[in-house]
Amino acid sequence: PLLVLTKSDLASADELLETYRTLGIRYVVTRRDELASGYAADLVREYLEGRVTAFVGHSGVGKTTLVNALVPDDRRRITGLVNAVTGRGRHTTTSALALPLEKAEGWVIDTPGIRSFGLHHVDPSRVILAFPDLVPGTEGCPRACSHDEPDCALDAWVAEGHADPARLYSLRRLLATRERREGD
Ligand SMILES: Nc1nc2c(ncn2[C@@H]2O[C@H](COP(=O)(O)OP(=O)(O)OP(=O)(O)O)[C@@H](O)[C@H]2O)c(=O)[nH]1
Ligand SMILES: [Mg+2]
């Protein structure tokens, strides 16, 4: 994954970046004037070269704007305005479309803004696999531990300083969402 923090001309990206820092995920920060100059495209293109990449994010974050900066002019798609009050987008893009990169091999897929995020298709026992930094801490867990129960070994392991407590909190939040869904 590559994290693209758009619109840094409107607010600093630092706080959000801090929440991802311990994961060591690659990131780029873009802003309006860098889009116009082509600098943002140069920055992002380096990571996309030779790959097929899907842009994913909420409506209005600037996915299509960035895609347009990366593809030939005659392949540009329509961008939308965000709501002046809420700052949210208007779900301008309604279909996913793969477009060839300009000045490099590779494709970029512009997608519609995410409306909701659900894990109901994911087996709850597999959610931990998305947290490889926590997996070693599950060795002391009881059999078939849900990782959201009193006997879970992760609490003590994280308390010993092996992982960021925010990561365990994040895992448990996802597991809890899953529970609620099941009760629906
Ligand atoms: N200030 C600022 N505005 C930006 C930036 N990038 C995009 N925008 C604006 O954000 C608005 C939404 O951009 P889009 O590219 O349509 O957003 P999207 O993520 O494709 O939205 P959906 O297609 O609805 O999912 C447009 O008005 C863009 O001009 C940026 O770096 N800075
Ligand atoms: Mg769009």
# chains A, B, ... in the order shown; residues from 1 in each chain; ligands from 1
$ residues_near_ligand --ligand "ligand 2" --cutoff "12 Å" --atoms "only C-alpha atoms and all ligand atoms" --output "number ranges by chain"
A: 54-68, 76-82, 89-97, 109-114
$ select_by_dssp --residues "chain A" --states "alpha helix (DSSP H)" --output "MDAnalysis selection string"
chainID A and resid 14:20 32:37 39:48 63:70 154:159 165:183
$ residues_around --residues "segment 23-34 of chain A" --least-positions-apart "2" --cutoff "8 Å" --atoms "only C-alpha atoms" --output "ChimeraX atom specification"
/A:1-9,13,20-21,36-40,43-44
$ write_last_selection --atoms "N, CA and C atoms" --output "tab-separated table (two decimals), in the first residue's frame"
chain	number	residue	atom	x	y	z
A	1	PRO	N	0.82	-1.22	0.00
A	1	PRO	CA	0.00	0.00	0.00
A	1	PRO	C	0.86	1.27	0.00
A	2	LEU	N	0.29	2.29	-0.60
A	2	LEU	CA	0.90	3.62	-0.56
A	2	LEU	C	-0.16	4.57	-0.04
A	3	LEU	N	0.18	5.33	0.98
A	3	LEU	CA	-0.75	6.28	1.56
A	3	LEU	C	-0.53	7.62	0.87
A	4	VAL	N	-1.59	8.16	0.28
A	4	VAL	CA	-1.48	9.49	-0.35
A	4	VAL	C	-2.32	10.46	0.46
A	5	LEU	N	-1.68	11.42	1.05
A	5	LEU	CA	-2.40	12.43	1.84
A	5	LEU	C	-2.56	13.66	0.97
A	6	THR	N	-3.78	13.87	0.50
A	6	THR	CA	-4.06	14.96	-0.43
A	6	THR	C	-4.41	16.24	0.34
A	7	LYS	N	-4.49	17.33	-0.38
A	7	LYS	CA	-5.01	18.61	0.15
A	7	LYS	C	-4.23	19.14	1.34
A	8	SER	N	-2.93	18.95	1.34
A	8	SER	CA	-2.14	19.47	2.47
A	8	SER	C	-2.07	20.99	2.44
A	9	ASP	N	-2.61	21.60	1.36
A	9	ASP	CA	-2.71	23.07	1.34
A	9	ASP	C	-3.84	23.54	2.27
A	13	ALA	N	-0.70	17.49	7.15
A	13	ALA	CA	-0.89	16.03	7.14
A	13	ALA	C	-0.25	15.37	8.35
A	20	TYR	N	-0.03	6.55	11.45
A	20	TYR	CA	0.45	5.46	10.60
A	20	TYR	C	1.94	5.20	10.78
A	21	ARG	N	2.61	6.07	11.55
A	21	ARG	CA	4.08	6.07	11.60
A	21	ARG	C	4.65	4.71	11.99
A	36	ALA	N	-1.00	21.35	-9.96
A	36	ALA	CA	-0.95	22.23	-11.13
A	36	ALA	C	0.43	22.18	-11.79
A	37	SER	N	1.48	22.14	-11.01
A	37	SER	CA	2.83	22.19	-11.56
A	37	SER	C	3.30	20.85	-12.13
A	38	GLY	N	2.56	19.77	-11.78
A	38	GLY	CA	2.99	18.45	-12.24
A	38	GLY	C	3.91	17.75	-11.23
A	39	TYR	N	4.27	18.47	-10.18
A	39	TYR	CA	5.18	17.89	-9.18
A	39	TYR	C	4.53	16.72	-8.45
A	40	ALA	N	3.25	16.87	-8.11
A	40	ALA	CA	2.54	15.79	-7.39
A	40	ALA	C	2.54	14.52	-8.23
A	43	LEU	N	5.89	12.85	-8.20
A	43	LEU	CA	6.12	12.21	-6.91
A	43	LEU	C	5.41	10.85	-6.83
A	44	VAL	N	4.13	10.85	-7.21
A	44	VAL	CA	3.32	9.64	-7.07
A	44	VAL	C	3.68	8.61	-8.15
$ select_by_dssp --residues "segment 32-78 of chain A" --states "strand (DSSP E)" --output "JSON, numbers by chain"
{"A": [52, 53, 54, 55]}
$ write_last_selection --atoms "all heavy atoms" --output "CSV table (one decimal), in the first residue's frame"
chain,number,residue,atom,x,y,z
A,52,VAL,N,-0.2,-2.0,-11.5
A,52,VAL,CA,-1.6,-1.7,-11.6
A,52,VAL,C,-2.1,-1.3,-10.3
A,52,VAL,O,-2.1,-2.1,-9.3
A,52,VAL,CB,-2.4,-2.9,-12.2
A,52,VAL,CG1,-3.9,-2.4,-12.3
A,52,VAL,CG2,-1.9,-3.4,-13.5
A,53,THR,N,-2.5,0.0,-10.1
A,53,THR,CA,-2.8,0.5,-8.8
A,53,THR,C,-4.2,1.1,-8.7
A,53,THR,O,-4.6,1.8,-9.6
A,53,THR,CB,-1.8,1.7,-8.5
A,53,THR,OG1,-0.5,1.3,-8.7
A,53,THR,CG2,-2.0,2.2,-7.0
A,54,ALA,N,-5.0,0.7,-7.7
A,54,ALA,CA,-6.3,1.2,-7.5
A,54,ALA,C,-6.2,2.4,-6.5
A,54,ALA,O,-5.6,2.2,-5.4
A,54,ALA,CB,-7.2,0.2,-7.1
A,55,PHE,N,-6.9,3.5,-6.8
A,55,PHE,CA,-7.0,4.6,-5.8
A,55,PHE,C,-8.3,4.4,-5.0
A,55,PHE,O,-9.3,4.3,-5.6
A,55,PHE,CB,-7.0,5.9,-6.5
A,55,PHE,CG,-5.7,6.4,-7.0
A,55,PHE,CD1,-4.6,5.6,-6.9
A,55,PHE,CD2,-5.5,7.7,-7.4
A,55,PHE,CE1,-3.3,6.1,-7.3
A,55,PHE,CE2,-4.3,8.2,-7.8
A,55,PHE,CZ,-3.2,7.4,-7.8
$ closest_residue --among "A:Arg115, A:Arg88, A:Arg167, A:Arg75" --to "Thr19 of chain A" --atoms "only C-alpha atoms"
A:Arg167
$ residues_around --residues "Ala156 of chain A" --least-positions-apart "3" --cutoff "12 Å" --atoms "only C-alpha atoms" --output "PyMOL selection string"
chain A and resi 134+137-141+150-153+159-163+165+168
$ atom_distance --atom1 "atom 30 (C, counted along the ligand's line) of ligand 1" --atom2 "atom CA of Tyr47 of chain A"
19.1 Å
$ atom_distance --atom1 "atom 8 (N, counted along the ligand's line) of ligand 1" --atom2 "atom CA of Glu105 of chain A"
25.3 Å
$ atom_distance --atom1 "atom CA of Phe117 of chain A" --atom2 "atom CA of Asp155 of chain A"
26.4 Å
$ decode --residues "segment 164-176 of chain A" --atoms "all heavy atoms" --output "mmCIF file, in the first residue's frame"
data_model
loop_
_atom_site.group_PDB
_atom_site.id
_atom_site.type_symbol
_atom_site.label_atom_id
_atom_site.label_comp_id
_atom_site.auth_asym_id
_atom_site.auth_seq_id
_atom_site.Cartn_x
_atom_site.Cartn_y
_atom_site.Cartn_z
ATOM 1 N N ASP A 164 2.540 -1.278 19.937
ATOM 2 C CA ASP A 164 1.847 -0.047 20.287
ATOM 3 C C ASP A 164 0.420 -0.384 20.764
ATOM 4 O O ASP A 164 -0.322 -1.055 20.049
ATOM 5 C CB ASP A 164 1.798 0.823 19.018
ATOM 6 C CG ASP A 164 1.201 2.197 19.270
ATOM 7 O OD1 ASP A 164 0.590 2.398 20.327
ATOM 8 O OD2 ASP A 164 1.351 3.054 18.371
ATOM 9 N N PRO A 165 0.025 0.059 21.957
ATOM 10 C CA PRO A 165 -1.333 -0.227 22.443
ATOM 11 C C PRO A 165 -2.415 0.235 21.460
ATOM 12 O O PRO A 165 -3.492 -0.360 21.395
ATOM 13 C CB PRO A 165 -1.423 0.578 23.749
ATOM 14 C CG PRO A 165 -0.015 0.767 24.192
ATOM 15 C CD PRO A 165 0.824 0.803 22.945
ATOM 16 N N ALA A 166 -2.110 1.245 20.670
ATOM 17 C CA ALA A 166 -3.091 1.733 19.695
ATOM 18 C C ALA A 166 -3.418 0.656 18.660
ATOM 19 O O ALA A 166 -4.522 0.601 18.119
ATOM 20 C CB ALA A 166 -2.567 2.987 19.000
ATOM 21 N N ARG A 167 -2.447 -0.223 18.410
ATOM 22 C CA ARG A 167 -2.676 -1.296 17.438
ATOM 23 C C ARG A 167 -3.657 -2.330 17.995
ATOM 24 O O ARG A 167 -4.523 -2.822 17.289
ATOM 25 C CB ARG A 167 -1.344 -1.967 17.087
ATOM 26 C CG ARG A 167 -0.413 -1.043 16.344
ATOM 27 C CD ARG A 167 -0.848 -0.848 14.927
ATOM 28 N NE ARG A 167 -0.643 -2.069 14.154
ATOM 29 C CZ ARG A 167 -1.299 -2.364 13.039
ATOM 30 N NH1 ARG A 167 -2.209 -1.538 12.567
ATOM 31 N NH2 ARG A 167 -1.058 -3.480 12.389
ATOM 32 N N LEU A 168 -3.502 -2.643 19.274
ATOM 33 C CA LEU A 168 -4.422 -3.599 19.896
ATOM 34 C C LEU A 168 -5.824 -2.998 19.947
ATOM 35 O O LEU A 168 -6.820 -3.672 19.669
ATOM 36 C CB LEU A 168 -3.931 -3.960 21.304
ATOM 37 C CG LEU A 168 -4.772 -4.981 22.074
ATOM 38 C CD1 LEU A 168 -4.970 -6.262 21.278
ATOM 39 C CD2 LEU A 168 -4.133 -5.295 23.427
ATOM 40 N N TYR A 169 -5.879 -1.730 20.258
ATOM 41 C CA TYR A 169 -7.163 -1.025 20.292
ATOM 42 C C TYR A 169 -7.820 -1.094 18.913
ATOM 43 O O TYR A 169 -9.027 -1.344 18.782
ATOM 44 C CB TYR A 169 -6.926 0.429 20.724
ATOM 45 C CG TYR A 169 -8.158 1.284 20.730
ATOM 46 C CD1 TYR A 169 -9.180 1.050 21.648
ATOM 47 C CD2 TYR A 169 -8.296 2.336 19.826
ATOM 48 C CE1 TYR A 169 -10.324 1.849 21.651
ATOM 49 C CE2 TYR A 169 -9.427 3.124 19.823
ATOM 50 C CZ TYR A 169 -10.439 2.883 20.739
ATOM 51 O OH TYR A 169 -11.552 3.661 20.732
ATOM 52 N N SER A 170 -7.013 -0.897 17.890
ATOM 53 C CA SER A 170 -7.517 -0.929 16.517
ATOM 54 C C SER A 170 -8.060 -2.319 16.159
ATOM 55 O O SER A 170 -9.149 -2.455 15.586
ATOM 56 C CB SER A 170 -6.366 -0.530 15.592
ATOM 57 O OG SER A 170 -6.790 -0.407 14.286
ATOM 58 N N LEU A 171 -7.296 -3.358 16.527
ATOM 59 C CA LEU A 171 -7.749 -4.736 16.283
ATOM 60 C C LEU A 171 -9.096 -4.981 16.971
ATOM 61 O O LEU A 171 -10.034 -5.504 16.367
ATOM 62 C CB LEU A 171 -6.711 -5.722 16.817
ATOM 63 C CG LEU A 171 -7.180 -7.191 16.909
ATOM 64 C CD1 LEU A 171 -7.312 -7.804 15.521
ATOM 65 C CD2 LEU A 171 -6.235 -8.028 17.765
ATOM 66 N N ARG A 172 -9.194 -4.567 18.227
ATOM 67 C CA ARG A 172 -10.418 -4.840 18.994
ATOM 68 C C ARG A 172 -11.604 -4.063 18.440
ATOM 69 O O ARG A 172 -12.735 -4.534 18.469
ATOM 70 C CB ARG A 172 -10.173 -4.488 20.466
ATOM 71 C CG ARG A 172 -9.075 -5.376 21.074
ATOM 72 C CD ARG A 172 -9.584 -6.176 22.240
ATOM 73 N NE ARG A 172 -8.697 -7.278 22.548
ATOM 74 C CZ ARG A 172 -7.834 -7.294 23.567
ATOM 75 N NH1 ARG A 172 -7.754 -6.248 24.374
ATOM 76 N NH2 ARG A 172 -7.088 -8.353 23.778
ATOM 77 N N ARG A 173 -11.335 -2.876 17.953
ATOM 78 C CA ARG A 173 -12.432 -2.091 17.355
ATOM 79 C C ARG A 173 -12.985 -2.812 16.130
ATOM 80 O O ARG A 173 -14.191 -2.886 15.928
ATOM 81 C CB ARG A 173 -11.933 -0.706 16.954
ATOM 82 C CG ARG A 173 -12.200 0.315 18.033
ATOM 83 C CD ARG A 173 -11.704 1.686 17.629
ATOM 84 N NE ARG A 173 -12.285 2.162 16.386
ATOM 85 C CZ ARG A 173 -11.771 3.157 15.669
ATOM 86 N NH1 ARG A 173 -10.681 3.750 16.068
ATOM 87 N NH2 ARG A 173 -12.343 3.553 14.570
ATOM 88 N N LEU A 174 -12.087 -3.363 15.318
ATOM 89 C CA LEU A 174 -12.539 -4.100 14.130
ATOM 90 C C LEU A 174 -13.320 -5.342 14.542
ATOM 91 O O LEU A 174 -14.362 -5.655 13.968
ATOM 92 C CB LEU A 174 -11.354 -4.500 13.250
ATOM 93 C CG LEU A 174 -10.702 -3.403 12.439
ATOM 94 C CD1 LEU A 174 -9.578 -3.976 11.590
ATOM 95 C CD2 LEU A 174 -11.716 -2.713 11.538
ATOM 96 N N LEU A 175 -12.803 -6.051 15.545
ATOM 97 C CA LEU A 175 -13.488 -7.269 16.000
ATOM 98 C C LEU A 175 -14.873 -6.924 16.551
ATOM 99 O O LEU A 175 -15.846 -7.635 16.303
ATOM 100 C CB LEU A 175 -12.659 -7.982 17.069
ATOM 101 C CG LEU A 175 -11.363 -8.636 16.566
ATOM 102 C CD1 LEU A 175 -10.500 -9.097 17.730
ATOM 103 C CD2 LEU A 175 -11.672 -9.808 15.629
ATOM 104 N N ALA A 176 -14.976 -5.805 17.257
ATOM 105 C CA ALA A 176 -16.258 -5.399 17.831
ATOM 106 C C ALA A 176 -17.256 -5.034 16.734
ATOM 107 O O ALA A 176 -18.441 -5.361 16.822
ATOM 108 C CB ALA A 176 -16.059 -4.221 18.780
#
